Amino acid sequence: MKFWLGRTGSILLAFALCAGIQLLADQQSDFVQRLIVLAGLYVTLAVSLNLINGITGQFSMGHAAFYQIGAYTAGFIAMKFYAGAKLPPELWMILSLLTGAAVASVAGLIVGLPSLRLKGDYLAIVTLGFGEIIRIIVQNQPAIGGAYGLSVAPRFEMIWLVWLLAILCIAVCRNLLKTAHGLQFLAVREDEVASSAMGVNVTRTKVTAFLLGSAFAGAAGALLAHFEGFVSPKMFTMDVSFIIVTMVVLGGTGSITGATLAAIGLFFLPEKMRDLPNFPLGNLVATGIGIVIMVIGFRHIAANFHGKMVERVLRYLAILAIAVVIALVLGPIVSKLPTLGVPVEGAKLRMVVFAVTLIVLMLLRPQGIFAHHEFSWAWLRKVLRIDTDKKVTA
Amino acid sequence: MAGLELSTLPQQLVNGILLGSIYALIALGYTMVYGVLKLINFAHGEVFMIGAYAALFASWGLGYTPNNAMSGSNPINLLIMLLASMTLCGLLGVLIERFAYRPMRNQPRIASLITAIGVSLLLQYGGQLFLPSSPAPNIDAKVNPYQDNITIPLRPVDGTLVAAAKQLEAKQIETKTAFDGYLERTKESPFQLSAAGQPFKKAAQDAERDLRTAEGKAEASGLSIRLPKGQMIMLVTTVVLMALLNFLVMHTKPGRAMRAASHDFDAASLMGINVNSTITFTFLIGSALAGAGAMMNATFLSGTKIDTFFGMLPGVKAFVAAVLGGIGNIPGAVLGGILMGLAETLVVWAGYDSYRDAIAFIVLIIVLLFKPGGLLGSNKVEKV
């Protein structure tokens, strides 16, 4: 009884939250609305990719393809069938979400099948290849706009639905991990041979992960199509897949909390950088030097310092301060040099940030910020009660 | 879809082999690094891109800037560009290995792969900040002293058609002189003719058209293969570099160390092989080969536009070539490269132009699913 009360309460809370987001967004400018929508979509994408990459351990890099399939499906059915269907917009949107998810999960099944034979970096390359093939095929179909793109004719912007999908995705993944079914996914990640010896159906688990992950990406794509009002193959290049992979890896492969937070953070950061003013190249070089000093210092501490946790954290902070100071001081000096004084467009730094994040993260903490840990109330209580020593390890 | 023109097939095959020789050079880098480190060096394509830029800057340094007054060139210039590109790429490869891959060596392989993607993205997008990329520059064609073609006739031209064309030529000259004479007499502009001049113009135009058609027919009756000299040099250089590499790997001490490290990393280090310097050496050689490929691609396939994404597709195709030939296998990489070049030109030849970049991935998926060891690779299925 208590369980069902909690469950109903959570569902109602989720709806209330989404309604709140919609009310909040209604008063904002178009740009802010766009940010809210894209943040929700990226959360869905990152969490759904996390199900494949992090929880099941099948490193897939073609998530943009499922996103694309969902978007095109939604655009296509809106063009062909909306006029004849005579449905209220809400119902139509849910229907197009489901259709997008279904078509994308068929593609997920096709992509997931090679995962039965491939592992690790080979699987990564093949999924990347599938993503590109799907994009090139779409680009060559005149029926859905070809390279030019497809406009989504009756379009409905529903911000609450975007966040409802994100919450649904998080809830599905979280609840999956609480059940015996979810343990199968984790078992496959840890050791395929051992888990199949324990009676886990490895094939079915992997395919299920791909199906679920791609279905959510497809649903997100359907929402994107309706929000943008236009879809084109250029919106779903390899870069998008890389961005989603970066989010999952940064958050900690396997951590839903990590994927969610990383998606929000990594998505907002480059959006902010779009309106960065031009600055001299020297500053960039100095920042690069600062980052290198930080990485070297952090690695040195991690390898050589074995004292108390507080002292260790202090040392990290000291290195960070030194790196920041060096970057700030060196910037204006280096910019005096003629070749390094050239102005650089801040907007061009978007993808550079992702690249540097990936490299620095792999050098310092390859398991990601949250590693396998999840947010939970029990964890919060523990953190608040216990002294600082254990806080960092938790 | 265009019909399959069998008469152009031999030329396309030759083009495919020439293109494939570049893929082969890049594929060697992938295969060597994979052989030793079991790492897909995702940034290899970007090393190739930097090599093209190095060749571009070297050519600018030699005076072949976009609006230059240089008239000729000589082979020394090409050699300088080649060396500049190979040196810079070699150094870049060593730097990437030292600072990005070596710290990751004890981590799971997927972490190295992510780092490699990061390095690749950094070079692509970071390069945009430093390197000239829009509008995309290209190496001046004048730097290549070997502009002409070697033509190999396969089927001689039909004599009767040539004779027919010759006959028409006389008529064309006759009508043209008549028309010119008319213009001379009346001082009219050929574009604003009076009614009296029109028949002359029509006769001259008809005769000219007939002549060109007949000439075209005569030419099409013969069959020949055009071999651009520059690209032949490219092929020869590739073959020489591969022979050198084979010698290096098979008959020298560093090569033996390389083979030992690729066979068993730990055992090799126990036998007194300095594994770190062996890996550095592998990266040096592999990247220098990519640099050579980049220089030749950008110089001899004239008009090739260079931007910071220049290396991505050749990189992917060369990786597929390495997998196709059997990754870790040097002759396999060469075979795979040539086959990839052929596959690509044949797809274009068959009329599926827009799928030329997808073919690489299709080949990759087919190979990995049905013969994961590759054509010449061992059958020991370790990854798959």
# chains A, B, ... in the order shown; residues from 1 in each chain; ligands from 1
call {"tool": "residues_around", "arguments": {"residues": "Leu361 (chain A)", "least_positions_apart": "2", "cutoff": "12 Å", "atoms": "only C-alpha atoms", "output": "ChimeraX atom specification"}}
result
/A:246-252,291,294-295,298-299,353-359,363-371 /B:100,104,111-112,114-115,118
call {"tool": "interface_residues", "arguments": {"of": "chain B", "to": "chain A", "cutoff": "9 Å", "atoms": "only C-alpha atoms", "output": "number ranges by chain"}}
result
B: 39-40, 100, 103-104, 107-126, 128-130, 354-355, 357-362, 364-365, 368-369, 383-384
call {"tool": "write_last_selection", "arguments": {"atoms": "C-alpha atoms", "output": "compact mmCIF listing (two decimals), in the first residue's frame"}}
result
# COMPACT_ATOMS: atom_id res chain seq x y z
CA LEU B 39 44.41 0.75 -30.06
CA ILE B 40 42.40 2.27 -32.87
CA ALA B 100 47.41 11.35 -24.72
CA PRO B 103 49.01 7.83 -19.65
CA MET B 104 46.02 5.71 -20.67
CA GLN B 107 43.18 1.88 -18.42
CA PRO B 108 40.50 -0.13 -20.22
CA ARG B 109 40.80 0.07 -23.98
CA ILE B 110 37.58 2.01 -24.35
CA ALA B 111 39.15 4.85 -22.33
CA SER B 112 41.98 5.06 -24.86
CA LEU B 113 39.42 5.11 -27.65
CA ILE B 114 37.58 8.01 -26.03
CA THR B 115 40.86 9.88 -25.61
CA ALA B 116 41.62 9.26 -29.27
CA ILE B 117 38.23 10.69 -30.25
CA GLY B 118 38.95 13.67 -28.04
CA VAL B 119 42.34 14.28 -29.69
CA SER B 120 40.73 13.94 -33.09
CA LEU B 121 37.99 16.47 -32.27
CA LEU B 122 40.56 18.79 -30.72
CA LEU B 123 42.68 18.80 -33.87
CA GLN B 124 39.64 19.29 -36.12
CA TYR B 125 37.99 22.11 -34.24
CA GLY B 126 41.06 23.53 -32.53
CA GLN B 128 40.01 25.86 -37.19
CA LEU B 129 41.24 28.53 -34.80
CA PHE B 130 44.81 28.47 -36.11
CA SER B 354 26.26 10.10 -53.25
CA TYR B 355 27.03 6.78 -51.59
CA ASP B 357 31.37 7.76 -48.44
CA ALA B 358 28.90 5.19 -47.18
CA ILE B 359 30.61 2.33 -49.02
CA ALA B 360 33.47 2.35 -46.50
CA PHE B 361 31.14 1.69 -43.60
CA ILE B 362 29.20 -0.92 -45.53
CA LEU B 364 33.47 -2.49 -42.69
CA ILE B 365 30.24 -3.95 -41.37
CA LEU B 368 33.46 -7.51 -39.33
CA LEU B 369 30.37 -9.67 -39.46
CA LYS B 383 38.17 -9.18 -30.50
CA VAL B 384 35.03 -10.43 -31.98
call {"tool": "residues_around", "arguments": {"residues": "Thr278 (chain B)", "least_positions_apart": "2", "cutoff": "12 Å", "atoms": "only C-alpha atoms", "output": "ChimeraX atom specification"}}
result
/B:32-33,36-37,94,97,249,253-262,265,268-269,272-276,280-285
call {"tool": "residues_around", "arguments": {"residues": "Arg312 (chain A)", "least_positions_apart": "4", "cutoff": "12 Å", "atoms": "only C-alpha atoms", "output": "count of residues only"}}
result
17
call {"tool": "residues_around", "arguments": {"residues": "region 78-82 of chain B", "least_positions_apart": "3", "cutoff": "7 Å", "atoms": "only C-alpha atoms", "output": "list in words"}}
result
Ala55, Ala58, Ser59, Pro75, Ser85, Met86, Ala292 and Met295 of chain B
call {"tool": "closest_residue", "arguments": {"among": "B:Met271, B:Cys89, B:Ile233, B:Ala218", "to": "Ala54 (chain B)", "atoms": "only C-alpha atoms"}}
result
B:Cys89
call {"tool": "residues_around", "arguments": {"residues": "His373 (chain A)", "least_positions_apart": "5", "cutoff": "10 Å", "atoms": "only C-alpha atoms", "output": "short mmCIF file (atom, residue, chain, number, x, y, z; two decimals) with N, CA and C atoms, in the first residue's frame"}}
result
data_model
loop_
_atom_site.label_atom_id
_atom_site.label_comp_id
_atom_site.auth_asym_id
_atom_site.auth_seq_id
_atom_site.Cartn_x
_atom_site.Cartn_y
_atom_site.Cartn_z
N GLY A 251 29.63 12.09 -17.16
CA GLY A 251 28.82 11.83 -15.97
C GLY A 251 29.25 10.57 -15.24
N GLY A 252 29.87 9.66 -15.95
CA GLY A 252 30.24 8.40 -15.34
C GLY A 252 29.44 7.31 -16.02
N THR A 253 30.12 6.44 -16.77
CA THR A 253 29.38 5.45 -17.52
C THR A 253 28.68 4.52 -16.55
N GLY A 254 27.36 4.53 -16.59
CA GLY A 254 26.59 3.67 -15.71
C GLY A 254 25.81 4.46 -14.69
N SER A 255 26.10 5.75 -14.57
CA SER A 255 25.39 6.53 -13.56
C SER A 255 24.32 7.39 -14.23
N ILE A 256 23.05 7.16 -13.86
CA ILE A 256 21.96 7.94 -14.43
C ILE A 256 22.05 9.38 -13.94
N THR A 257 22.36 9.52 -12.65
CA THR A 257 22.54 10.87 -12.10
C THR A 257 23.60 11.62 -12.89
N GLY A 258 24.73 10.93 -13.10
CA GLY A 258 25.85 11.56 -13.80
C GLY A 258 25.45 11.98 -15.20
N TRP A 379 22.06 8.15 0.40
CA TRP A 379 23.40 8.70 0.19
C TRP A 379 23.49 10.11 0.77
N ALA A 394 32.42 9.00 -0.86
CA ALA A 394 31.06 8.62 -1.21
C ALA A 394 30.70 9.21 -2.54
#
call {"tool": "select_by_dssp", "arguments": {"residues": "region 40-135 of chain B", "states": "alpha helix (DSSP H)", "output": "PyMOL selection string"}}
result
chain B and resi 44-61+75-96+109-121+127-130
call {"tool": "atom_distance", "arguments": {"atom1": "CA of Val162 (chain A)", "atom2": "CA of Val37 (chain A)"}}
result
6.4 Å
call {"tool": "atom_distance", "arguments": {"atom1": "CA of Pro145 (chain B)", "atom2": "CA of Leu313 (chain B)"}}
result
28.1 Å
call {"tool": "select_by_dssp", "arguments": {"residues": "region 229-389 of chain A", "states": "strand (DSSP E)", "output": "list in words"}}
result
Phe230, Val231, Phe279, Pro280, Pro343 and Val344 of chain A
call {"tool": "closest_residue", "arguments": {"among": "B:Val334, B:Gln198, B:Ala203, B:Gln147", "to": "Glu174 (chain B)", "atoms": "only C-alpha atoms"}}
result
B:Ala203
call {"tool": "closest_residue", "arguments": {"among": "B:Gly61, B:Pro314, B:Pro190, B:Gly16", "to": "Val347 (chain B)", "atoms": "only C-alpha atoms"}}
result
B:Gly16
call {"tool": "residues_around", "arguments": {"residues": "region 11-14 of chain B", "least_positions_apart": "2", "cutoff": "9 Å", "atoms": "only C-alpha atoms", "output": "short mmCIF file (atom, residue, chain, number, x, y, z; two decimals) with C-alpha atoms, in the first residue's frame"}}
result
data_model
loop_
_atom_site.label_atom_id
_atom_site.label_comp_id
_atom_site.auth_asym_id
_atom_site.auth_seq_id
_atom_site.Cartn_x
_atom_site.Cartn_y
_atom_site.Cartn_z
CA SER B 7 34.40 1.58 -72.02
CA THR B 8 35.35 3.77 -69.05
CA LEU B 9 35.93 0.83 -66.74
CA GLY B 16 40.91 3.31 -58.09
CA ILE B 17 44.38 1.86 -57.69
CA LEU B 18 45.94 5.32 -57.62
CA LEU B 19 43.46 6.50 -54.99
CA SER B 224 42.97 4.39 -73.98
CA ILE B 225 44.00 4.83 -70.37
CA ARG B 226 45.21 8.19 -69.18
CA LEU B 227 47.89 8.06 -66.50
CA GLY B 341 40.18 2.74 -53.57
CA LEU B 342 38.74 0.41 -56.20
CA THR B 345 35.75 4.52 -57.74
CA LEU B 346 33.54 1.62 -58.81
CA TRP B 349 31.38 4.60 -61.81
#
call {"tool": "closest_residue", "arguments": {"among": "B:Met340, B:Ala204, B:Leu270, B:Lys38", "to": "Arg105 (chain B)", "atoms": "only C-alpha atoms"}}
result
B:Lys38
call {"tool": "atom_distance", "arguments": {"atom1": "CA of Leu17 (chain A)", "atom2": "CA of Glu228 (chain A)"}}
result
23.3 Å
